[in-house]
file model25.cif (mmCIF, C-alpha atoms)
data_model
#
loop_
_atom_site.label_atom_id
_atom_site.label_comp_id
_atom_site.auth_asym_id
_atom_site.auth_seq_id
_atom_site.Cartn_x
_atom_site.Cartn_y
_atom_site.Cartn_z
CA MET A 1 -60.59 -195.93 99.56
CA ALA A 2 -57.80 -193.36 99.73
CA LEU A 3 -55.23 -194.14 97.05
CA ILE A 4 -53.07 -191.11 97.63
CA THR A 5 -50.67 -191.71 100.47
CA GLU A 6 -48.75 -189.10 102.43
CA SER A 7 -45.60 -189.95 100.50
CA ILE A 8 -47.44 -189.29 97.20
CA LYS A 9 -48.80 -185.98 98.55
CA ARG A 10 -45.30 -184.92 99.50
CA CYS A 11 -44.42 -184.91 95.78
CA ILE A 12 -46.67 -181.88 95.25
CA GLY A 13 -44.43 -178.87 94.70
CA THR A 14 -41.49 -180.90 93.42
CA SER A 15 -39.71 -179.43 90.39
CA LEU A 16 -37.20 -180.70 87.89
CA PRO A 17 -34.20 -178.51 87.05
CA PRO A 18 -35.13 -176.23 84.14
CA PHE A 19 -34.00 -177.36 80.72
CA ARG A 20 -32.98 -175.13 77.86
CA PHE A 21 -34.00 -175.44 74.24
CA GLU A 22 -33.68 -173.39 71.10
CA VAL A 23 -36.65 -172.79 68.83
CA ASN A 24 -35.29 -173.69 65.44
CA ARG A 25 -36.79 -172.46 62.17
CA ASN A 26 -36.39 -175.78 60.42
CA ASP A 27 -38.04 -177.66 63.30
CA ILE A 28 -41.00 -175.25 63.12
CA ARG A 29 -41.29 -175.80 59.36
CA LYS A 30 -41.31 -179.58 59.77
CA TYR A 31 -43.89 -179.34 62.55
CA ALA A 32 -46.07 -176.98 60.50
CA VAL A 33 -46.06 -179.26 57.46
CA ALA A 34 -46.72 -182.36 59.57
CA THR A 35 -49.70 -180.76 61.28
CA GLY A 36 -51.24 -179.40 58.08
CA GLN A 37 -50.79 -175.72 58.89
CA ARG A 38 -51.98 -173.22 56.29
CA SER A 39 -50.48 -170.06 57.74
CA SER A 40 -47.28 -168.86 56.08
CA ARG A 41 -45.81 -167.54 59.31
CA TYR A 42 -45.64 -171.10 60.61
CA LEU A 43 -44.89 -172.81 57.29
CA GLU A 44 -41.93 -170.48 56.76
CA GLY A 45 -40.78 -171.05 60.32
CA ASP A 46 -40.93 -167.41 61.46
CA GLU A 47 -43.15 -168.26 64.40
CA ALA A 48 -44.05 -171.48 66.21
CA PRO A 49 -47.66 -172.53 66.80
CA LEU A 50 -48.52 -173.04 70.46
CA LEU A 51 -48.61 -176.85 70.42
CA PHE A 52 -45.09 -176.90 68.95
CA LEU A 53 -44.04 -176.71 72.60
CA PHE A 54 -45.12 -180.33 73.00
CA SER A 55 -42.11 -181.31 70.90
CA ALA A 56 -39.81 -179.41 73.26
CA MET A 57 -40.96 -181.61 76.14
CA MET A 58 -39.87 -184.82 74.42
CA PRO A 59 -36.39 -185.79 75.57
CA VAL A 60 -33.85 -187.01 73.04
CA LEU A 61 -32.70 -190.26 74.58
CA PRO A 62 -30.37 -193.00 73.34
CA LEU A 63 -32.25 -195.83 71.62
CA ASP A 64 -31.43 -198.31 74.36
CA GLN A 65 -33.21 -196.13 76.93
CA LEU A 66 -36.57 -196.28 75.13
CA LEU A 67 -39.11 -198.82 76.35
CA ASP A 68 -40.34 -201.76 74.28
CA ASP A 69 -43.45 -199.81 73.28
CA GLY A 70 -41.26 -196.99 71.96
CA HIS A 71 -42.14 -194.67 74.83
CA LYS A 72 -39.62 -192.77 76.86
CA PRO A 73 -39.41 -193.82 80.51
CA ASP A 74 -41.72 -191.89 82.83
CA ASP A 75 -40.24 -188.62 83.92
CA ALA A 76 -38.64 -188.24 87.30
CA LEU A 77 -41.52 -186.14 88.69
CA LEU A 78 -44.04 -188.96 88.44
CA PRO A 79 -44.39 -190.60 91.86
CA GLU A 80 -44.87 -194.33 92.35
CA LEU A 81 -48.66 -194.75 92.16
CA PRO A 82 -51.01 -197.62 93.00
CA LEU A 83 -52.61 -197.16 89.55
CA LYS A 84 -50.20 -197.90 86.73
CA ARG A 85 -51.82 -196.97 83.43
CA ILE A 86 -51.09 -193.29 82.71
CA MET A 87 -53.16 -191.41 80.14
CA ALA A 88 -53.04 -187.90 78.76
CA GLY A 89 -55.78 -185.73 80.21
CA GLY A 90 -55.31 -182.52 78.26
CA SER A 91 -53.57 -179.20 78.70
CA GLU A 92 -54.36 -175.61 79.56
CA PHE A 93 -52.12 -172.79 78.33
CA ASP A 94 -51.69 -169.14 79.28
CA VAL A 95 -49.92 -167.49 76.37
CA HIS A 96 -47.91 -164.45 77.41
CA ARG A 97 -46.32 -163.84 74.05
CA ARG A 98 -45.75 -165.53 70.69
CA ILE A 99 -42.87 -167.98 70.13
CA TYR A 100 -40.37 -167.05 67.42
CA ALA A 101 -37.60 -168.83 65.55
CA GLY A 102 -34.37 -168.12 67.38
CA ASP A 103 -35.98 -167.95 70.82
CA VAL A 104 -33.96 -169.66 73.52
CA LEU A 105 -36.39 -170.86 76.17
CA PHE A 106 -36.13 -172.50 79.54
CA CYS A 107 -38.80 -174.84 80.83
CA ARG A 108 -39.31 -175.70 84.47
CA GLN A 109 -41.71 -178.53 85.24
CA THR A 110 -43.40 -178.73 88.65
CA ILE A 111 -46.03 -181.13 89.91
CA ILE A 112 -48.63 -178.79 91.39
CA ASP A 113 -51.48 -181.08 92.42
CA ILE A 114 -52.43 -184.74 92.85
CA TYR A 115 -55.98 -185.80 93.64
CA GLU A 116 -58.27 -188.74 93.14
CA LYS A 117 -61.78 -189.13 91.76
CA GLN A 118 -64.12 -192.02 91.26
CA GLY A 119 -64.55 -192.63 87.52
CA ALA A 120 -67.29 -194.64 85.83
CA GLN A 121 -64.95 -197.62 85.57
CA GLY A 122 -63.07 -197.27 88.83
CA PRO A 123 -60.81 -194.89 90.73
CA LEU A 124 -58.64 -192.35 88.93
CA ILE A 125 -55.66 -190.32 90.11
CA PHE A 126 -55.18 -186.90 88.52
CA LEU A 127 -51.69 -185.44 88.33
CA ILE A 128 -51.35 -181.78 87.40
CA PHE A 129 -48.00 -180.55 86.10
CA GLU A 130 -47.07 -176.94 85.46
CA ASN A 131 -44.64 -176.27 82.64
CA ARG A 132 -43.32 -172.70 82.72
CA PHE A 133 -41.63 -171.61 79.51
CA GLU A 134 -39.51 -168.51 80.00
CA THR A 135 -36.67 -166.65 78.37
CA GLU A 136 -33.24 -166.66 79.98
CA ALA A 137 -34.07 -163.22 81.41
CA GLY A 138 -37.14 -164.69 83.12
CA GLU A 139 -39.77 -163.27 80.74
CA ALA A 140 -42.81 -165.55 80.84
CA VAL A 141 -43.66 -166.91 77.39
CA VAL A 142 -46.18 -169.72 78.01
CA THR A 143 -47.46 -171.39 81.16
CA GLU A 144 -48.96 -174.82 80.65
CA ARG A 145 -50.94 -176.90 83.13
CA LEU A 146 -50.81 -180.48 81.90
CA THR A 147 -53.12 -183.16 83.31
CA ARG A 148 -52.17 -186.83 83.35
CA ILE A 149 -54.60 -189.46 84.64
CA ALA A 150 -53.64 -192.76 86.25
CA ARG A 151 -56.17 -195.60 86.19
CA MET B 1 -60.32 -167.30 56.34
CA PRO B 2 -59.68 -164.44 58.82
CA ARG B 3 -62.82 -162.86 60.18
CA HIS B 4 -62.30 -159.19 59.11
CA THR B 5 -65.67 -158.34 60.60
CA THR B 6 -67.25 -157.52 63.92
CA VAL B 7 -67.85 -160.56 66.03
CA GLU B 8 -71.23 -161.87 67.17
CA ILE B 9 -71.90 -164.33 69.95
CA GLY B 10 -72.78 -167.63 68.32
CA GLU B 11 -70.70 -166.90 65.22
CA GLN B 12 -69.36 -170.13 63.75
CA LEU B 13 -65.71 -170.48 62.80
CA PRO B 14 -65.11 -171.97 59.34
CA ARG B 15 -64.91 -175.75 59.73
CA ARG B 16 -62.00 -177.80 58.58
CA ALA B 17 -61.87 -181.58 58.09
CA TYR B 18 -58.70 -183.60 58.64
CA THR B 19 -58.21 -187.15 57.39
CA PRO B 20 -54.71 -188.02 58.57
CA GLY B 21 -52.89 -190.76 56.72
CA THR B 22 -49.89 -192.91 57.60
CA VAL B 23 -47.44 -190.40 56.16
CA GLN B 24 -48.85 -187.51 58.17
CA LEU B 25 -48.82 -189.53 61.40
CA PHE B 26 -45.23 -190.56 60.70
CA LEU B 27 -44.14 -186.98 60.02
CA TYR B 28 -45.93 -185.62 63.07
CA ASN B 29 -44.41 -188.16 65.43
CA ALA B 30 -40.99 -187.59 63.89
CA ALA B 31 -41.42 -183.84 64.33
CA ILE B 32 -42.27 -184.19 68.02
CA TRP B 33 -39.76 -187.05 68.50
CA ASN B 34 -42.34 -189.56 69.68
CA ALA B 35 -41.57 -193.23 69.05
CA HIS B 36 -44.67 -194.73 70.69
CA ARG B 37 -45.54 -197.67 68.43
CA ILE B 38 -49.33 -197.21 68.63
CA HIS B 39 -48.91 -194.46 66.02
CA TYR B 40 -47.05 -196.42 63.32
CA ASP B 41 -46.86 -200.16 64.14
CA LEU B 42 -50.30 -201.61 63.35
CA PRO B 43 -49.68 -205.21 64.55
CA TYR B 44 -48.33 -203.81 67.85
CA ALA B 45 -51.26 -201.38 68.25
CA GLN B 46 -53.80 -204.15 67.61
CA GLN B 47 -52.23 -207.19 69.22
CA THR B 48 -50.44 -205.69 72.21
CA GLU B 49 -52.48 -202.61 73.09
CA GLY B 50 -55.85 -203.78 71.76
CA HIS B 51 -56.61 -200.84 69.49
CA PRO B 52 -58.60 -201.31 66.27
CA GLY B 53 -56.09 -199.20 64.32
CA LEU B 54 -53.23 -196.73 64.53
CA LEU B 55 -53.98 -193.90 66.93
CA VAL B 56 -54.08 -190.24 65.99
CA ASP B 57 -52.03 -188.39 68.63
CA GLY B 58 -53.98 -186.39 71.20
CA PRO B 59 -51.75 -183.30 70.98
CA LEU B 60 -52.08 -183.32 67.18
CA GLN B 61 -55.82 -182.99 67.67
CA GLY B 62 -55.15 -180.14 70.08
CA ASP B 63 -53.04 -178.48 67.40
CA TRP B 64 -55.88 -178.77 64.90
CA LEU B 65 -58.15 -176.87 67.28
CA THR B 66 -55.57 -174.07 67.52
CA GLN B 67 -55.39 -174.01 63.71
CA LEU B 68 -59.12 -173.37 63.58
CA VAL B 69 -58.54 -170.28 65.70
CA TYR B 70 -55.32 -169.13 63.98
CA ASP B 71 -56.96 -169.35 60.57
CA TRP B 72 -59.91 -167.27 61.76
CA MET B 73 -58.00 -164.60 63.68
CA ASP B 74 -57.13 -161.25 62.12
CA ASP B 75 -53.49 -160.13 62.04
CA GLY B 76 -53.65 -158.05 65.20
CA ASP B 77 -55.52 -160.64 67.27
CA GLU B 78 -53.69 -162.70 69.87
CA LEU B 79 -54.39 -166.19 71.15
CA VAL B 80 -53.85 -165.64 74.88
CA GLY B 81 -55.40 -168.79 76.31
CA PHE B 82 -56.11 -172.28 75.08
CA SER B 83 -57.10 -175.58 76.65
CA TYR B 84 -57.97 -178.94 75.21
CA SER B 85 -58.85 -182.37 76.43
CA ASN B 86 -59.00 -185.62 74.49
CA ARG B 87 -62.32 -187.37 75.13
CA ARG B 88 -62.11 -190.52 73.02
CA ALA B 89 -59.57 -192.22 70.76
CA ALA B 90 -59.26 -191.29 67.10
CA TYR B 91 -57.82 -193.72 64.55
CA LEU B 92 -56.14 -193.61 61.20
CA GLY B 93 -58.91 -193.52 58.61
CA ASP B 94 -61.18 -191.33 60.72
CA THR B 95 -62.23 -187.98 59.34
CA LEU B 96 -62.01 -185.42 62.12
CA THR B 97 -63.84 -182.15 61.65
CA ALA B 98 -62.78 -179.11 63.64
CA SER B 99 -65.54 -176.66 64.49
CA GLY B 100 -66.09 -173.84 66.89
CA GLU B 101 -68.13 -170.83 67.82
CA VAL B 102 -67.85 -167.60 69.72
CA SER B 103 -69.44 -168.15 73.12
CA ALA B 104 -68.64 -164.91 74.96
CA GLN B 105 -67.15 -161.48 74.44
CA GLU B 106 -66.04 -159.09 77.16
CA ASN B 107 -63.68 -156.11 76.97
CA GLY B 108 -62.19 -157.18 73.66
CA ARG B 109 -61.63 -160.77 74.82
CA LEU B 110 -63.45 -163.54 73.04
CA THR B 111 -64.13 -167.01 74.33
CA LEU B 112 -64.35 -169.67 71.64
CA ILE B 113 -65.69 -173.17 72.21
CA LEU B 114 -64.00 -175.71 69.96
CA GLN B 115 -64.41 -179.37 69.17
CA LEU B 116 -63.21 -182.11 66.91
CA THR B 117 -65.77 -184.72 65.90
CA ASN B 118 -65.30 -187.97 64.02
CA GLN B 119 -67.38 -189.20 61.07
CA SER B 120 -69.92 -190.69 63.52
CA GLY B 121 -70.48 -187.32 65.16
CA GLU B 122 -68.63 -188.33 68.32
CA VAL B 123 -66.47 -185.68 69.98
CA THR B 124 -62.84 -186.79 70.17
CA THR B 125 -61.37 -183.55 71.50
CA GLN B 126 -62.85 -180.46 73.14
CA GLY B 127 -61.20 -177.11 73.59
CA ILE B 128 -61.64 -173.51 74.70
CA ALA B 129 -59.65 -170.58 73.34
CA THR B 130 -59.38 -167.00 74.51
CA VAL B 131 -58.55 -164.42 71.84
CA LEU B 132 -57.65 -160.82 72.51
CA LEU B 133 -58.96 -158.70 69.66
CA GLY B 134 -56.42 -156.47 67.96
#
call {"tool": "encode", "arguments": {"input": "model25.cif", "output": "structure tokens"}}
result
Amino acid sequence: MALITESIKRCIGTSLPPFRFEVNRNDIRKYAVATGQRSSRYLEGDEAPLLFLFSAMMPVLPLDQLLDDGHKPDDALLPELPLKRIMAGGSEFDVHRRIYAGDVLFCRQTIIDIYEKQGAQGPLIFLIFENRFETEAGEAVVTERLTRIAR
Amino acid sequence: MPRHTTVEIGEQLPRRAYTPGTVQLFLYNAAIWNAHRIHYDLPYAQQTEGHPGLLVDGPLQGDWLTQLVYDWMDDGDELVGFSYSNRRAAYLGDTLTASGEVSAQENGRLTLILQLTNQSGEVTTQGIATVLLG
């Protein structure tokens, strides 16, 4: 049974406007302590570990916009799907250069693929997002391909 | 400990065990600004979402795999590629051991296969890293 309709397929290639964020030394230090880092370059906040970028993707929303489970609402790129439970499916990163305190980065998120597979417990829809982290001058810093799975 | 030696295929990275507690999960979710209650509200996690305990975040497990690589790399080495995927849930109270080995080397680029296993030997997260030797 085809779950992915033409209107869902048309979402492939859709982007959100890029958002800007500053890589802050104190935020890196907090992240490094919370994750149990041992390396002084992260603990002192000189440089951010790769997965620090996950924190940049979390929007800072007013409390009344959070859902009952504490989650943020689904982002605007996620199409209406026939399968409603969305799970994390992992990430793949190309690292073009290190991330430093003081960096001002721009992230553009694009949905680059949607496909379905038959899982052991039923059909699954895979959604692949590309997150391009760049400097204001357009220098690539990190490219992430994030998989989310609907079941 | 950084490697400081030539690299052999099959070389094991030094393992590291993580046993996250409530305070660490709280600090991590505060640091990434994640308010999902499955990570700090035990009655909600159990009664509403049907989990046996508080969940250890998937991206935190991904971070631990990068730490395995960062701690092993020499100063001039660069992590140029990394991927991870969460394979099964991990819960507060689990001990998660990060391990990895060198699986390939070509033109100064190493491929490392990484995994995080729980105390029952089940893989919770798998990863692959590419390191450019300095």
call {"tool": "residues_near_point", "arguments": {"input": "model25.cif", "point": "(-54.1, -189.7, 64.1)", "cutoff": "6 Å", "atoms": "all atoms listed in the file", "output": "list in words"}}
result
Pro20, Leu25, Leu55, Val56, Asp57, Tyr91 and Leu92 of chain B
call {"tool": "residues_around", "arguments": {"input": "model25.cif", "residues": "stretch 82-88 of chain B", "least_positions_apart": "2", "cutoff": "8 Å", "atoms": "only C-alpha atoms", "output": "PyMOL selection string"}}
result
(chain A and resi 88-95) or (chain B and resi 58+61-62+66+79-80+90+123-130)
call {"tool": "write_last_selection", "arguments": {"input": "model25.cif", "atoms": "C-alpha atoms", "output": "CSV table (one decimal), in the coordinates of the input"}}
result
chain,number,residue,atom,x,y,z
A,88,ALA,CA,-53.0,-187.9,78.8
A,89,GLY,CA,-55.8,-185.7,80.2
A,90,GLY,CA,-55.3,-182.5,78.3
A,91,SER,CA,-53.6,-179.2,78.7
A,92,GLU,CA,-54.4,-175.6,79.6
A,93,PHE,CA,-52.1,-172.8,78.3
A,94,ASP,CA,-51.7,-169.1,79.3
A,95,VAL,CA,-49.9,-167.5,76.4
B,58,GLY,CA,-54.0,-186.4,71.2
B,61,GLN,CA,-55.8,-183.0,67.7
B,62,GLY,CA,-55.2,-180.1,70.1
B,66,THR,CA,-55.6,-174.1,67.5
B,79,LEU,CA,-54.4,-166.2,71.2
B,80,VAL,CA,-53.8,-165.6,74.9
B,90,ALA,CA,-59.3,-191.3,67.1
B,123,VAL,CA,-66.5,-185.7,70.0
B,124,THR,CA,-62.8,-186.8,70.2
B,125,THR,CA,-61.4,-183.6,71.5
B,126,GLN,CA,-62.8,-180.5,73.1
B,127,GLY,CA,-61.2,-177.1,73.6
B,128,ILE,CA,-61.6,-173.5,74.7
B,129,ALA,CA,-59.6,-170.6,73.3
B,130,THR,CA,-59.4,-167.0,74.5
call {"tool": "residues_around", "arguments": {"input": "model25.cif", "residues": "B:Phe26", "least_positions_apart": "2", "cutoff": "12 Å", "atoms": "only C-alpha atoms", "output": "ChimeraX atom specification"}}
result
/A:30-31,33-35 /B:20-24,28-41,54-57,60,92
call {"tool": "atom_distance", "arguments": {"input": "model25.cif", "atom1": "atom CA of A:Arg132", "atom2": "atom CA of A:Phe106"}}
result
7.9 Å
call {"tool": "atom_distance", "arguments": {"input": "model25.cif", "atom1": "atom CA of A:Ala56", "atom2": "atom CA of B:Leu65"}}
result
19.5 Å
call {"tool": "closest_residue", "arguments": {"input": "model25.cif", "among": "A:Leu127, A:Leu66, A:Leu16, A:Leu3", "to": "chain B", "atoms": "only C-alpha atoms"}}
result
A:Leu66
call {"tool": "closest_residue", "arguments": {"input": "model25.cif", "among": "B:Leu114, B:Pro52, B:Thr19, B:Gln67", "to": "chain A", "atoms": "only C-alpha atoms"}}
result
B:Gln67
call {"tool": "resolve_selection", "arguments": {"input": "model25.cif", "expression": "the PyMOL selection byres ((chain B and resi 7-12) around 10)", "output": "list of chain:residue names"}}
result
B:Arg3, B:His4, B:Thr5, B:Thr6, B:Leu13, B:Pro14, B:Arg15, B:Ser99, B:Gly100, B:Glu101, B:Val102, B:Ser103, B:Ala104, B:Gln105, B:Leu110, B:Thr111, B:Leu112, B:Ile113, B:Leu114, B:Leu133
call {"tool": "closest_residue", "arguments": {"input": "model25.cif", "among": "A:Ile111, A:Phe129, A:Ser55, A:Ala150", "to": "A:Leu83", "atoms": "all atoms listed in the file"}}
result
A:Ala150
call {"tool": "closest_residue", "arguments": {"input": "model25.cif", "among": "A:Phe21, A:Phe133, A:Phe54, A:Tyr115", "to": "chain B", "atoms": "only C-alpha atoms"}}
result
A:Phe54
call {"tool": "residues_near_point", "arguments": {"input": "model25.cif", "point": "(-51.1, -188.9, 97.2)", "cutoff": "10 Å", "atoms": "only C-alpha atoms", "output": "number ranges by chain"}}
result
A: 2-12, 79-82, 113-116, 125-127
call {"tool": "build_atoms", "arguments": {"input": "model25.cif", "residues": "stretch 41-70 of chain B", "atoms": "N, CA and C atoms", "output": "PDB file, in the coordinates of the input"}}
result
ATOM      1  N   ASP B  41     -47.090-198.703  64.201  1.00  0.00           N
ATOM      2  CA  ASP B  41     -46.860-200.160  64.140  1.00  0.00           C
ATOM      3  C   ASP B  41     -48.223-200.836  64.356  1.00  0.00           C
ATOM      4  N   LEU B  42     -48.926-201.116  63.235  1.00  0.00           N
ATOM      5  CA  LEU B  42     -50.300-201.610  63.350  1.00  0.00           C
ATOM      6  C   LEU B  42     -50.397-202.946  64.091  1.00  0.00           C
ATOM      7  N   PRO B  43     -49.562-203.952  63.778  1.00  0.00           N
ATOM      8  CA  PRO B  43     -49.680-205.210  64.550  1.00  0.00           C
ATOM      9  C   PRO B  43     -49.489-204.976  66.045  1.00  0.00           C
ATOM     10  N   TYR B  44     -48.536-204.102  66.418  1.00  0.00           N
ATOM     11  CA  TYR B  44     -48.330-203.810  67.850  1.00  0.00           C
ATOM     12  C   TYR B  44     -49.576-203.137  68.433  1.00  0.00           C
ATOM     13  N   ALA B  45     -50.104-202.127  67.728  1.00  0.00           N
ATOM     14  CA  ALA B  45     -51.260-201.380  68.250  1.00  0.00           C
ATOM     15  C   ALA B  45     -52.449-202.325  68.459  1.00  0.00           C
ATOM     16  N   GLN B  46     -52.633-203.250  67.518  1.00  0.00           N
ATOM     17  CA  GLN B  46     -53.800-204.150  67.610  1.00  0.00           C
ATOM     18  C   GLN B  46     -53.567-205.287  68.594  1.00  0.00           C
ATOM     19  N   GLN B  47     -52.437-205.937  68.468  1.00  0.00           N
ATOM     20  CA  GLN B  47     -52.230-207.190  69.220  1.00  0.00           C
ATOM     21  C   GLN B  47     -51.761-206.951  70.646  1.00  0.00           C
ATOM     22  N   THR B  48     -50.982-205.908  70.864  1.00  0.00           N
ATOM     23  CA  THR B  48     -50.440-205.690  72.210  1.00  0.00           C
ATOM     24  C   THR B  48     -51.274-204.693  73.001  1.00  0.00           C
ATOM     25  N   GLU B  49     -51.741-203.631  72.333  1.00  0.00           N
ATOM     26  CA  GLU B  49     -52.480-202.610  73.090  1.00  0.00           C
ATOM     27  C   GLU B  49     -53.980-202.644  72.824  1.00  0.00           C
ATOM     28  N   GLY B  50     -54.415-203.548  71.923  1.00  0.00           N
ATOM     29  CA  GLY B  50     -55.850-203.780  71.760  1.00  0.00           C
ATOM     30  C   GLY B  50     -56.613-202.688  71.059  1.00  0.00           C
ATOM     31  N   HIS B  51     -55.918-201.893  70.236  1.00  0.00           N
ATOM     32  CA  HIS B  51     -56.610-200.840  69.490  1.00  0.00           C
ATOM     33  C   HIS B  51     -57.078-201.388  68.135  1.00  0.00           C
ATOM     34  N   PRO B  52     -58.154-200.847  67.597  1.00  0.00           N
ATOM     35  CA  PRO B  52     -58.600-201.310  66.270  1.00  0.00           C
ATOM     36  C   PRO B  52     -57.705-200.805  65.144  1.00  0.00           C
ATOM     37  N   GLY B  53     -56.948-199.752  65.372  1.00  0.00           N
ATOM     38  CA  GLY B  53     -56.090-199.200  64.320  1.00  0.00           C
ATOM     39  C   GLY B  53     -54.999-198.349  64.915  1.00  0.00           C
ATOM     40  N   LEU B  54     -54.274-197.644  64.051  1.00  0.00           N
ATOM     41  CA  LEU B  54     -53.230-196.730  64.530  1.00  0.00           C
ATOM     42  C   LEU B  54     -53.882-195.491  65.116  1.00  0.00           C
ATOM     43  N   LEU B  55     -53.352-195.025  66.236  1.00  0.00           N
ATOM     44  CA  LEU B  55     -53.980-193.900  66.930  1.00  0.00           C
ATOM     45  C   LEU B  55     -53.487-192.552  66.421  1.00  0.00           C
ATOM     46  N   VAL B  56     -54.420-191.633  66.290  1.00  0.00           N
ATOM     47  CA  VAL B  56     -54.080-190.240  65.990  1.00  0.00           C
ATOM     48  C   VAL B  56     -53.711-189.582  67.328  1.00  0.00           C
ATOM     49  N   ASP B  57     -52.533-188.976  67.384  1.00  0.00           N
ATOM     50  CA  ASP B  57     -52.030-188.390  68.630  1.00  0.00           C
ATOM     51  C   ASP B  57     -53.000-187.355  69.207  1.00  0.00           C
ATOM     52  N   GLY B  58     -53.136-187.380  70.530  1.00  0.00           N
ATOM     53  CA  GLY B  58     -53.980-186.390  71.200  1.00  0.00           C
ATOM     54  C   GLY B  58     -53.496-184.955  71.000  1.00  0.00           C
ATOM     55  N   PRO B  59     -52.207-184.681  71.172  1.00  0.00           N
ATOM     56  CA  PRO B  59     -51.750-183.300  70.980  1.00  0.00           C
ATOM     57  C   PRO B  59     -51.890-182.811  69.534  1.00  0.00           C
ATOM     58  N   LEU B  60     -51.843-183.728  68.572  1.00  0.00           N
ATOM     59  CA  LEU B  60     -52.080-183.320  67.180  1.00  0.00           C
ATOM     60  C   LEU B  60     -53.506-182.807  67.031  1.00  0.00           C
ATOM     61  N   GLN B  61     -54.433-183.467  67.708  1.00  0.00           N
ATOM     62  CA  GLN B  61     -55.820-182.990  67.670  1.00  0.00           C
ATOM     63  C   GLN B  61     -55.941-181.632  68.367  1.00  0.00           C
ATOM     64  N   GLY B  62     -55.177-181.461  69.434  1.00  0.00           N
ATOM     65  CA  GLY B  62     -55.150-180.140  70.080  1.00  0.00           C
ATOM     66  C   GLY B  62     -54.630-179.081  69.133  1.00  0.00           C
ATOM     67  N   ASP B  63     -53.593-179.425  68.379  1.00  0.00           N
ATOM     68  CA  ASP B  63     -53.040-178.480  67.400  1.00  0.00           C
ATOM     69  C   ASP B  63     -54.091-178.099  66.373  1.00  0.00           C
ATOM     70  N   TRP B  64     -54.871-179.083  65.911  1.00  0.00           N
ATOM     71  CA  TRP B  64     -55.880-178.770  64.900  1.00  0.00           C
ATOM     72  C   TRP B  64     -56.918-177.781  65.437  1.00  0.00           C
ATOM     73  N   LEU B  65     -57.213-177.860  66.723  1.00  0.00           N
ATOM     74  CA  LEU B  65     -58.150-176.870  67.280  1.00  0.00           C
ATOM     75  C   LEU B  65     -57.518-175.477  67.297  1.00  0.00           C
ATOM     76  N   THR B  66     -56.206-175.400  67.572  1.00  0.00           N
ATOM     77  CA  THR B  66     -55.570-174.070  67.520  1.00  0.00           C
ATOM     78  C   THR B  66     -55.562-173.552  66.079  1.00  0.00           C
ATOM     79  N   GLN B  67     -55.393-174.461  65.114  1.00  0.00           N
ATOM     80  CA  GLN B  67     -55.390-174.010  63.710  1.00  0.00           C
ATOM     81  C   GLN B  67     -56.714-173.361  63.324  1.00  0.00           C
ATOM     82  N   LEU B  68     -57.793-173.935  63.865  1.00  0.00           N
ATOM     83  CA  LEU B  68     -59.120-173.370  63.580  1.00  0.00           C
ATOM     84  C   LEU B  68     -59.148-171.896  64.000  1.00  0.00           C
ATOM     85  N   VAL B  69     -58.550-171.641  65.153  1.00  0.00           N
ATOM     86  CA  VAL B  69     -58.540-170.280  65.700  1.00  0.00           C
ATOM     87  C   VAL B  69     -57.542-169.405  64.932  1.00  0.00           C
ATOM     88  N   TYR B  70     -56.328-169.910  64.712  1.00  0.00           N
ATOM     89  CA  TYR B  70     -55.320-169.130  63.980  1.00  0.00           C
ATOM     90  C   TYR B  70     -55.829-168.712  62.605  1.00  0.00           C
TER      91      TYR B  70
END
